[in-house]
$ cat my_file-v9.cif   # mmCIF, C-alpha atoms and all ligand atoms
data_final
#
loop_
_atom_site.label_atom_id
_atom_site.label_comp_id
_atom_site.auth_asym_id
_atom_site.auth_seq_id
_atom_site.Cartn_x
_atom_site.Cartn_y
_atom_site.Cartn_z
CA MET A 13 2.49 -9.56 17.98
CA SER A 14 5.84 -8.84 16.46
CA MET A 15 7.04 -10.12 13.11
CA PHE A 16 10.60 -9.24 14.07
CA ASP A 17 13.04 -9.41 11.18
CA PHE A 18 10.37 -9.69 8.50
CA GLY A 19 10.24 -6.10 7.31
CA ILE A 20 12.84 -4.20 5.33
CA GLU A 21 15.12 -1.72 7.03
CA GLU A 22 13.54 1.68 7.13
CA ASP A 23 14.87 4.34 9.43
CA ALA A 24 15.96 5.09 12.93
CA THR A 25 12.42 4.85 14.27
CA ASP A 26 12.29 1.19 13.29
CA ASN A 27 12.81 -0.08 16.82
CA HIS A 28 11.05 -3.30 17.61
CA GLU A 29 9.34 -3.27 20.95
CA GLU A 30 7.75 -5.93 23.05
CA PRO A 31 4.61 -7.23 21.36
CA THR A 32 1.45 -5.54 22.49
CA ALA A 33 -1.09 -7.96 23.94
CA PRO A 34 -4.11 -8.39 21.66
CA PRO A 35 -7.31 -6.89 23.03
CA LYS A 36 -9.74 -9.46 24.45
CA THR A 37 -12.69 -8.54 22.27
CA VAL A 38 -11.79 -7.04 18.96
CA GLN A 39 -14.27 -4.85 17.15
CA LEU A 40 -13.04 -4.94 13.55
CA GLU A 41 -12.74 -1.60 11.76
CA PRO A 42 -15.79 -0.86 9.58
CA PHE A 43 -15.52 0.07 5.90
CA ALA A 44 -14.83 3.73 5.20
CA GLN A 45 -14.10 5.44 1.92
CA LEU A 46 -11.72 8.36 2.32
CA ASP A 47 -12.28 11.40 0.18
CA LEU A 48 -9.19 12.51 -1.77
CA SER A 49 -9.73 16.22 -1.16
CA GLN A 50 -10.14 15.66 2.58
CA LEU A 51 -7.02 13.52 2.63
CA LEU A 52 -5.13 16.28 0.82
CA ASP A 53 -6.43 18.85 3.32
CA SER A 54 -5.18 16.73 6.22
CA LEU A 55 -1.58 16.76 4.96
CA PRO A 56 1.01 18.94 6.71
CA PRO A 57 2.64 21.88 4.85
CA LEU A 58 5.91 19.97 4.39
CA ILE A 59 6.87 16.28 4.23
CA SER A 60 10.29 14.71 4.28
CA PHE A 61 11.20 11.72 2.17
CA SER A 62 14.02 9.27 1.48
CA PRO A 63 14.90 7.04 -1.45
CA LEU A 64 13.65 3.46 -1.62
CA PRO A 65 15.80 1.59 -4.16
CA ILE A 66 14.10 -1.46 -5.69
CA ARG A 67 15.89 -4.14 -7.66
CA LEU A 68 14.23 -4.96 -10.94
CA TRP A 69 14.81 -8.45 -12.26
CA ALA A 70 14.27 -8.16 -15.98
CA GLY A 71 17.59 -8.24 -17.84
CA GLY A 72 18.81 -4.93 -19.17
CA ARG A 73 16.52 -2.82 -17.00
CA ASP A 74 17.85 -0.21 -14.62
CA ASN A 75 16.76 -0.65 -11.05
CA ILE A 76 14.16 1.81 -9.88
CA THR A 77 14.22 4.20 -6.95
CA LEU A 78 10.94 5.48 -5.53
CA SER A 79 10.58 8.13 -2.86
CA ARG A 80 8.92 7.26 0.39
CA ARG A 81 7.74 9.50 3.20
CA ASP A 82 9.89 9.18 6.31
CA LEU A 83 8.17 7.56 9.27
CA PHE A 84 9.82 10.02 11.66
CA ASP A 85 8.21 12.81 9.68
CA ALA A 86 4.73 11.26 10.05
CA ARG A 87 5.45 10.95 13.76
CA PHE A 88 6.48 14.61 13.91
CA GLN A 89 3.23 15.55 12.14
CA LEU A 90 1.09 13.76 14.73
CA ILE A 91 3.02 15.25 17.64
CA SER A 92 2.76 18.77 16.22
CA GLU A 93 -1.00 18.24 15.75
CA GLY A 94 -1.22 17.49 19.50
CA HIS A 95 -1.90 13.74 19.24
CA GLY A 96 0.96 13.01 21.64
CA ASP A 97 -0.70 15.04 24.38
CA GLU A 98 -1.02 12.59 27.27
CA SER A 99 -3.56 14.79 29.08
CA SER A 100 -6.09 14.11 26.31
CA SER A 101 -8.55 11.60 27.81
CA LYS A 102 -9.94 9.87 24.74
CA PRO A 103 -7.48 8.00 22.48
CA THR A 104 -8.07 8.70 18.79
CA PRO A 105 -6.87 6.67 15.77
CA SER A 106 -4.09 9.24 15.45
CA THR A 107 -2.84 8.79 19.02
CA ALA A 108 -2.85 5.03 18.37
CA ALA A 109 -0.96 5.58 15.10
CA LEU A 110 1.64 7.56 17.03
CA GLY A 111 2.30 4.51 19.19
CA PHE A 112 2.62 2.25 16.15
CA LEU A 113 4.96 4.67 14.38
CA ASP A 114 7.43 3.88 17.16
CA ALA A 115 7.13 0.14 16.47
CA PRO A 116 5.86 -0.23 12.90
CA SER A 117 6.49 -3.99 12.74
CA ASP A 118 4.31 -4.81 15.70
CA LEU A 119 0.86 -6.08 14.82
CA VAL A 120 -2.08 -5.77 17.19
CA PRO A 121 -4.89 -7.90 15.75
CA GLY A 122 -7.90 -5.81 14.81
CA VAL A 123 -6.20 -2.58 15.87
CA TYR A 124 -3.10 -2.07 13.76
CA GLU A 125 -1.99 -4.46 11.01
CA GLY A 126 1.51 -3.27 10.11
CA GLY A 127 0.79 -0.92 7.21
CA LEU A 128 3.13 1.88 8.28
CA LYS A 129 6.16 -0.15 7.30
CA THR A 130 7.22 -1.35 3.86
CA TRP A 131 7.46 -5.16 3.90
CA GLU A 132 9.83 -7.13 1.70
CA CYS A 133 7.27 -8.96 -0.43
CA SER A 134 5.85 -5.67 -1.70
CA LEU A 135 9.22 -5.07 -3.38
CA ASP A 136 9.10 -8.60 -4.84
CA LEU A 137 5.76 -7.68 -6.35
CA VAL A 138 7.28 -4.60 -8.01
CA GLY A 139 10.10 -6.73 -9.46
CA TYR A 140 7.59 -9.25 -10.77
CA LEU A 141 5.18 -6.67 -12.20
CA ASP A 142 8.09 -5.10 -14.04
CA THR A 143 8.97 -8.41 -15.74
CA LEU A 144 5.41 -8.70 -17.07
CA ASP A 145 5.59 -5.40 -18.94
CA LEU A 146 1.88 -4.84 -18.38
CA HIS A 147 -0.02 -1.84 -19.65
CA PHE A 148 -1.72 -0.33 -16.64
CA SER A 149 -3.48 2.45 -18.47
CA GLY A 150 -7.26 2.01 -18.61
CA LYS A 151 -7.23 -0.81 -16.06
CA ARG A 152 -9.01 -1.21 -12.74
CA ILE A 153 -6.38 -1.97 -10.13
CA LEU A 154 -6.88 -2.84 -6.46
CA GLU A 155 -4.16 -3.23 -3.85
CA ILE A 156 -5.50 -4.97 -0.76
CA GLY A 157 -3.73 -4.30 2.54
CA CYS A 158 -1.58 -1.76 0.74
CA GLY A 159 0.24 -0.18 3.69
CA THR A 160 2.91 2.08 2.18
CA GLY A 161 1.49 1.06 -1.21
CA ILE A 162 4.78 0.49 -3.02
CA PRO A 163 3.37 -1.76 -5.83
CA SER A 164 0.65 0.84 -6.53
CA VAL A 165 3.19 3.65 -6.27
CA PHE A 166 5.28 1.81 -8.87
CA ILE A 167 2.24 1.49 -11.16
CA LEU A 168 1.39 5.17 -10.71
CA HIS A 169 5.01 6.09 -11.38
CA ARG A 170 4.73 4.18 -14.68
CA LEU A 171 1.46 5.92 -15.51
CA PHE A 172 2.86 9.38 -14.73
CA CYS A 173 5.87 8.61 -16.92
CA GLY A 174 3.61 7.53 -19.78
CA ASP A 175 1.38 9.13 -22.32
CA SER A 176 -1.31 11.28 -20.70
CA THR A 177 -3.64 11.00 -23.67
CA SER A 178 -4.14 7.27 -23.82
CA GLY A 179 -7.92 7.41 -23.37
CA SER A 180 -9.90 5.39 -20.87
CA GLU A 181 -9.81 5.93 -17.11
CA THR A 182 -7.34 4.06 -14.93
CA HIS A 183 -8.73 3.31 -11.49
CA VAL A 184 -6.32 2.60 -8.64
CA HIS A 185 -8.01 1.57 -5.40
CA LEU A 186 -5.85 1.42 -2.29
CA GLN A 187 -7.20 -0.44 0.72
CA ASP A 188 -5.67 -0.65 4.18
CA TYR A 189 -7.08 -1.70 7.52
CA ASN A 190 -6.05 1.60 9.11
CA ALA A 191 -7.23 4.93 7.72
CA SER A 192 -4.27 6.64 9.40
CA VAL A 193 -1.86 4.60 7.25
CA LEU A 194 -3.55 5.85 4.08
CA GLU A 195 -3.46 9.45 5.34
CA LEU A 196 0.02 9.52 6.77
CA ILE A 197 1.99 7.36 4.35
CA THR A 198 0.12 5.97 1.31
CA LEU A 199 -1.13 9.26 -0.16
CA PRO A 200 2.16 11.11 0.51
CA ASN A 201 4.01 8.30 -1.31
CA ILE A 202 1.68 8.68 -4.30
CA ILE A 203 2.22 12.46 -4.37
CA LEU A 204 5.97 11.83 -4.27
CA ALA A 205 5.69 9.40 -7.24
CA TRP A 206 3.92 12.16 -9.15
CA TYR A 207 6.38 14.85 -8.03
CA MET A 208 9.35 12.79 -9.28
CA SER A 209 7.74 12.19 -12.70
CA PRO A 210 7.49 14.07 -15.99
CA ALA A 211 3.82 14.75 -15.12
CA GLU A 212 4.95 17.16 -12.38
CA GLN A 213 7.68 18.67 -14.54
CA GLU A 214 5.01 19.93 -16.94
CA TYR A 215 3.44 21.80 -14.03
CA ARG A 216 6.83 23.04 -12.84
CA SER A 217 7.71 24.56 -16.20
CA SER A 218 4.35 26.31 -16.53
CA GLU A 219 3.25 27.71 -13.19
CA SER A 220 5.45 26.96 -10.22
CA ASP A 221 5.13 29.01 -7.03
CA PRO A 222 7.87 31.61 -7.39
CA ASP A 223 8.20 32.02 -3.61
CA THR A 224 8.48 28.36 -2.69
CA GLU A 225 11.68 26.40 -2.81
CA TYR A 226 11.03 22.93 -4.17
CA PRO A 227 13.54 20.08 -4.04
CA PRO A 228 14.95 18.62 -7.26
CA ALA A 229 12.76 15.90 -8.75
CA ASP A 230 15.39 13.29 -7.87
CA PRO A 231 14.10 10.13 -6.16
CA THR A 232 17.65 9.02 -5.34
CA ALA A 233 18.05 11.92 -2.90
CA SER A 234 16.38 12.62 0.42
CA GLY A 235 14.54 15.89 0.70
CA GLU A 236 11.61 17.91 1.91
CA LEU A 237 8.61 18.66 -0.25
CA PRO A 238 6.39 21.67 0.52
CA LEU A 239 2.76 20.61 0.01
CA THR A 240 1.46 24.00 -1.03
CA PRO A 241 -2.13 24.48 -2.22
CA THR A 242 -0.71 25.09 -5.71
CA LEU A 243 1.19 21.82 -5.66
CA LYS A 244 -1.85 19.87 -4.42
CA ALA A 245 -4.02 21.48 -7.11
CA ALA A 246 -1.43 20.56 -9.76
CA PHE A 247 -1.42 16.96 -8.47
CA VAL A 248 -5.21 16.77 -8.78
CA ALA A 249 -5.05 18.35 -12.25
CA SER A 250 -2.45 15.77 -13.33
CA LEU A 251 -4.66 12.92 -12.10
CA SER A 252 -7.43 14.28 -14.24
CA LYS A 253 -5.17 14.86 -17.24
CA TYR A 254 -3.77 11.33 -17.03
CA GLY A 255 -7.25 9.89 -16.50
CA ILE A 256 -6.35 8.42 -13.12
CA LYS A 257 -9.01 7.89 -10.46
CA LEU A 258 -7.74 7.17 -6.95
CA THR A 259 -9.90 5.48 -4.34
CA PHE A 260 -8.83 5.02 -0.72
CA SER A 261 -10.70 2.74 1.63
CA SER A 262 -10.06 1.50 5.13
CA GLY A 263 -11.53 -1.24 7.30
CA ALA A 264 -11.56 -5.00 7.65
CA TRP A 265 -11.69 -7.14 4.50
CA GLY A 266 -15.16 -8.42 5.30
CA SER A 267 -16.45 -4.84 5.50
CA LEU A 268 -15.04 -3.97 2.06
CA HIS A 269 -16.57 -7.17 0.67
CA ALA A 270 -20.00 -6.24 2.07
CA HIS A 271 -19.67 -2.70 0.69
CA LEU A 272 -18.78 -3.96 -2.80
CA GLU A 273 -21.75 -6.33 -2.76
CA SER A 274 -24.14 -3.60 -1.66
CA THR A 275 -22.95 -1.15 -4.32
CA SER A 276 -22.51 -3.70 -7.15
CA GLU A 277 -19.05 -2.24 -7.71
CA PRO A 278 -17.46 -3.86 -10.78
CA SER A 279 -14.51 -6.21 -10.45
CA TYR A 280 -10.86 -5.35 -11.08
CA ASP A 281 -8.35 -6.30 -13.79
CA LEU A 282 -5.34 -6.43 -11.51
CA VAL A 283 -5.58 -7.41 -7.85
CA LEU A 284 -2.46 -7.21 -5.71
CA THR A 285 -1.69 -8.02 -2.12
CA SER A 286 1.54 -8.52 -0.24
CA GLU A 287 2.34 -9.76 3.27
CA THR A 288 -1.31 -10.22 4.17
CA VAL A 289 -1.57 -14.00 4.70
CA TYR A 290 0.19 -14.14 8.05
CA ARG A 291 -2.89 -14.72 10.20
CA THR A 292 -4.81 -17.95 9.57
CA GLU A 293 -8.04 -16.59 11.14
CA SER A 294 -8.20 -13.87 8.46
CA LEU A 295 -7.63 -16.10 5.44
CA HIS A 296 -11.28 -16.85 4.76
CA ALA A 297 -12.21 -13.14 4.63
CA LEU A 298 -9.18 -12.37 2.46
CA ILE A 299 -9.88 -15.19 -0.03
CA ALA A 300 -13.57 -14.30 -0.28
CA LEU A 301 -12.61 -10.69 -0.99
CA LEU A 302 -9.93 -11.62 -3.55
CA HIS A 303 -12.50 -13.81 -5.30
CA ARG A 304 -15.16 -11.05 -5.25
CA VAL A 305 -12.86 -8.40 -6.72
CA SER A 306 -11.20 -10.51 -9.43
CA GLY A 307 -12.78 -10.05 -12.84
CA PRO A 308 -13.04 -12.96 -15.30
CA ASN A 309 -9.62 -12.26 -16.85
CA ALA A 310 -8.07 -10.63 -13.80
CA MET A 311 -4.54 -11.17 -12.69
CA CYS A 312 -4.64 -11.80 -8.94
CA LEU A 313 -1.20 -11.83 -7.31
CA VAL A 314 -0.41 -12.65 -3.69
CA ALA A 315 3.14 -12.03 -2.46
CA ALA A 316 4.00 -13.65 0.85
CA LYS A 317 6.59 -15.26 3.04
CA VAL A 318 6.58 -19.03 3.02
CA LEU A 319 6.08 -18.97 6.78
CA TYR A 320 5.35 -16.27 9.33
CA PHE A 321 7.14 -17.58 12.40
CA GLY A 322 5.16 -17.18 15.58
CA VAL A 323 2.01 -16.08 13.76
CA GLY A 324 1.04 -19.27 11.96
CA GLY A 325 0.17 -18.22 8.43
CA GLY A 326 2.18 -18.46 5.24
CA VAL A 327 2.06 -19.65 1.66
CA SER A 328 1.08 -23.29 2.42
CA GLU A 329 -1.70 -22.26 4.79
CA PHE A 330 -3.03 -19.83 2.23
CA SER A 331 -2.85 -22.36 -0.64
CA ALA A 332 -4.62 -24.97 1.52
CA ALA A 333 -7.29 -22.46 2.54
CA LEU A 334 -8.07 -21.84 -1.16
CA GLN A 335 -9.23 -25.48 -1.29
CA SER A 336 -10.75 -25.72 2.19
CA LYS A 337 -14.28 -27.01 2.71
CA ALA A 338 -15.56 -23.64 3.92
CA ILE A 339 -14.10 -21.82 0.93
CA ILE A 340 -15.46 -24.42 -1.52
CA GLN A 341 -18.90 -24.07 0.11
CA ALA A 342 -18.66 -20.28 -0.21
CA GLY A 343 -17.97 -20.71 -3.95
CA CYS A 344 -14.56 -19.03 -3.81
CA ALA A 345 -12.20 -21.96 -4.35
CA GLY A 346 -9.03 -21.40 -6.31
CA LYS A 347 -5.58 -22.72 -7.01
CA ALA A 348 -2.35 -20.89 -6.28
CA GLU A 349 0.40 -21.19 -8.85
CA SER A 350 3.84 -20.07 -7.73
CA VAL A 351 5.16 -17.66 -10.37
CA TRP A 352 8.27 -16.56 -8.47
CA GLU A 353 10.19 -17.88 -5.53
CA ARG A 354 13.14 -16.90 -3.39
CA LYS A 355 14.63 -19.75 -1.43
CA VAL A 356 17.45 -17.98 0.41
CA GLY A 357 16.79 -17.14 4.06
CA VAL A 358 13.10 -16.83 4.93
CA GLY A 359 11.49 -18.09 1.71
CA ARG A 360 9.23 -15.76 -0.23
CA LYS A 361 6.84 -16.47 -3.09
CA ILE A 362 4.52 -14.73 -5.47
CA LEU A 363 1.36 -16.71 -6.16
CA ARG A 364 -1.02 -16.21 -9.05
CA ILE A 365 -4.53 -17.31 -8.20
CA GLN A 366 -6.72 -19.14 -10.69
CA TRP A 367 -10.34 -19.16 -9.54
CA GLU A 368 -12.45 -22.24 -10.10
CA ALA A 369 -15.73 -20.42 -10.51
C1 LIG A 401 2.21 -6.54 7.20
S1 LIG A 401 1.18 -5.31 6.48
C2 LIG A 401 1.72 -5.34 4.80
C3 LIG A 401 1.61 -3.99 4.15
C4 LIG A 401 2.03 -3.92 2.69
N1 LIG A 401 1.18 -4.73 1.85
C5 LIG A 401 3.48 -4.31 2.51
O1 LIG A 401 3.73 -5.44 2.03
O2 LIG A 401 4.36 -3.51 2.81
C6 LIG A 401 -0.36 -6.15 6.40
C7 LIG A 401 -1.51 -5.36 5.79
O3 LIG A 401 -2.63 -6.23 5.73
C8 LIG A 401 -3.81 -5.52 6.01
N2 LIG A 401 -4.68 -6.37 6.86
C9 LIG A 401 -4.30 -7.36 7.68
N3 LIG A 401 -5.37 -7.96 8.24
C10 LIG A 401 -6.45 -7.32 7.76
C11 LIG A 401 -7.86 -7.49 7.93
N4 LIG A 401 -8.36 -8.43 8.72
N5 LIG A 401 -8.69 -6.67 7.26
C12 LIG A 401 -8.18 -5.71 6.45
N6 LIG A 401 -6.87 -5.50 6.24
C13 LIG A 401 -6.02 -6.30 6.88
C14 LIG A 401 -3.44 -4.24 6.66
O4 LIG A 401 -4.00 -3.24 5.90
C15 LIG A 401 -1.91 -4.18 6.61
O5 LIG A 401 -1.46 -3.00 6.01
#

$ encode --input "my_file-v9.cif" --output "structure tokens" --more "lines below"
Ligand SMILES: C[S@@+](CC[C@H](N)C(=O)[O-])C[C@H]1O[C@@H](n2cnc3c(N)ncnc32)[C@H](O)[C@@H]1O
Amino acid sequence: MSMFDFGIEEDATDNHEEPTAPPKTVQLEPFAQLDLSQLLDSLPPLISFSPLPIRLWAGGRDNITLSRRDLFDARFQLISEGHGDESSSKPTPSTAALGFLDAPSDLVPGVYEGGLKTWECSLDLVGYLDTLDLHFSGKRILEIGCGTGIPSVFILHRLFCGDSTSGSETHVHLQDYNASVLELITLPNIILAWYMSPAEQEYRSSESDPDTEYPPADPTASGELPLTPTLKAAFVASLSKYGIKLTFSSGAWGSLHAHLESTSEPSYDLVLTSETVYRTESLHALIALLHRVSGPNAMCLVAAKVLYFGVGGGVSEFSAALQSKAIIQAGCAGKAESVWERKVGVGRKILRIQWEA
């Protein structure tokens, strides 16, 4: 299933291919929590990145540029790890990811859900979050269906640019359907946000590797970042110093919901999701999860296109589903208030959800 024209321009690998036929019986991905140290170990010795400029809307503010790992570089990583070897009999998640890196906009229900690419509404969410001037420090934040994780990367950028001694722990939980998205793109983007911030500069001035050539901490330039053991250790030390806990989880929404119920995990203060309401069959699971994770005073924001042509979902479907009989019976009914709208071209909105119970 292709959502041609709905993503933002990325790089030369962004070729749209014929939609892949959905598998007949889809076994949804189970919940998995990914350990940060194992994720760090799985990274290659060097990553390449490019600037992602984001327009901020609040008057008087400079726009922001974040760094984002290049998709071609993630592809190169998988090929050099041997995942492109056609003689290998059993396909792994990484060989599948290699296929999707060539066509990051193509969705295959229950197999790959588009997280390798940065979608437009995630940038809308950054613009909107910036207007709110929220304090993220000490909050529990969850991004559902994060993909490249740009709203969370923005929040982490703000945290790394802030005061490291502000006290209570900030928890940022990043969830994507595909573990390979979190490994290949989401975590590298977070490391880049740290590298480009004053938090990394403290490390640079104290104990940089004398033999390694690091790029300038300039998010407006493309570059290559060596992921040395020293750099990874400094990243982990900065997380601890800034009181930031990162959680990465993969799997279908229903599986995360079941996990949270079984572990009595507390709710979140800020719940974000962008470009996740395109498939009507998934709306019930998404709404039930959003309801479960939203604390009593939580801000729950859903950024989406008004309509996903050829797929069926969109803002109206989602708003109607919040009041559907099944959702009311499940005790998760809510109302969606539009807090931002773009009417030009394919319409886009940001909805704030008010839960009824
Ligand atoms: C089009 S991508 C959007 C990625 C990112 N939020 C953005 O805006 O750039 C849709 C995301 O929704 C998530 N997703 C879709 N259906 C899902 C499901 N049934 N269970 C869990 N995650 C799902 C995937 O993680 C995927 O990354």

$ residues_near_ligand --input "my_file-v9.cif" --ligand "ligand LIG 401 (chain A)" --cutoff "6 Å" --atoms "only C-alpha atoms and all ligand atoms" --output "VMD selection string"
chain A and resid 125 to 127 129 to 131 133 to 134 157 to 160 188 to 189 263 to 265 285 to 288 294

$ write_last_selection --input "my_file-v9.cif" --atoms "C-alpha atoms" --output "compact mmCIF listing (two decimals), keeping the file's coordinate frame"
# COMPACT_ATOMS: atom_id res chain seq x y z
CA GLU A 125 -1.99 -4.46 11.01
CA GLY A 126 1.51 -3.27 10.11
CA GLY A 127 0.79 -0.92 7.21
CA LYS A 129 6.16 -0.15 7.30
CA THR A 130 7.22 -1.35 3.86
CA TRP A 131 7.46 -5.16 3.90
CA CYS A 133 7.27 -8.96 -0.43
CA SER A 134 5.85 -5.67 -1.70
CA GLY A 157 -3.73 -4.30 2.54
CA CYS A 158 -1.58 -1.76 0.74
CA GLY A 159 0.24 -0.18 3.69
CA THR A 160 2.91 2.08 2.18
CA ASP A 188 -5.67 -0.65 4.18
CA TYR A 189 -7.08 -1.70 7.52
CA GLY A 263 -11.53 -1.24 7.30
CA ALA A 264 -11.56 -5.00 7.65
CA TRP A 265 -11.69 -7.14 4.50
CA THR A 285 -1.69 -8.02 -2.12
CA SER A 286 1.54 -8.52 -0.24
CA GLU A 287 2.34 -9.76 3.27
CA THR A 288 -1.31 -10.22 4.17
CA SER A 294 -8.20 -13.87 8.46

$ atom_distance --input "my_file-v9.cif" --atom1 "atom CA of Val193 of chain A" --atom2 "atom CA of Ser117 of chain A"
13.2 Å

$ closest_residue --input "my_file-v9.cif" --among "A:Glu132, A:Pro57, A:His296, A:Leu119" --to "Ser336 of chain A" --atoms "only C-alpha atoms"
A:His296

$ residues_around --input "my_file-v9.cif" --residues "Ser49 of chain A" --least-positions-apart "2" --cutoff "12 Å" --atoms "only C-alpha atoms" --output "VMD selection string"
chain A and resid 46 to 47 51 to 55 195 199 241 244 to 245 247 to 248 258 to 260

$ residues_near_point --input "my_file-v9.cif" --point "(-8.2, 11.3, -11.3)" --cutoff "12 Å" --atoms "all atoms listed in the file" --output "list of chain:residue names"
A:Leu48, A:Ser49, A:Gly150, A:Leu168, A:Leu171, A:Phe172, A:Ser176, A:Ser180, A:Glu181, A:Thr182, A:His183, A:Val184, A:His185, A:Ala245, A:Ala246, A:Phe247, A:Val248, A:Ala249, A:Ser250, A:Leu251, A:Ser252, A:Lys253, A:Tyr254, A:Gly255, A:Ile256, A:Lys257, A:Leu258, A:Thr259

$ residues_near_point --input "my_file-v9.cif" --point "(-9.7, -6.2, -6.2)" --cutoff "12 Å" --atoms "all atoms listed in the file" --output "ChimeraX atom specification"
/A:151-158,183-187,259,261,265,268-269,272,277-285,298-308,310-314

$ closest_residue --input "my_file-v9.cif" --among "A:Ala115, A:Val38, A:Ala315, A:Ile203" --to "Ile59 of chain A" --atoms "all atoms listed in the file"
A:Ile203

$ residues_around --input "my_file-v9.cif" --residues "Thr77 of chain A" --least-positions-apart "3" --cutoff "12 Å" --atoms "only C-alpha atoms" --output "JSON, numbers by chain"
{"A": [62, 63, 64, 65, 66, 67, 68, 74, 80, 135, 138, 139, 162, 165, 166, 169, 204, 205, 208, 209, 229, 230, 231, 232, 233, 234]}

$ atom_distance --input "my_file-v9.cif" --atom1 "atom CA of Pro228 of chain A" --atom2 "atom CA of Asp136 of chain A"
27.9 Å

$ closest_residue --input "my_file-v9.cif" --among "A:Gly357, A:Pro227, A:Gly346, A:Pro121" --to "Ala333 of chain A" --atoms "only C-alpha atoms"
A:Gly346

$ axis_aligned_box --input "my_file-v9.cif" --around "segment 148-164 of chain A" --padding-each-side "5 Å" --output "AutoDock Vina command-line options"
--center_x -2.1 --center_y -1.3 --center_z -7.5 --size_x 23.8 --size_y 17.4 --size_z 32.3

$ atom_distance --input "my_file-v9.cif" --atom1 "atom CA of Leu110 of chain A" --atom2 "atom CA of Ile91 of chain A"
7.8 Å
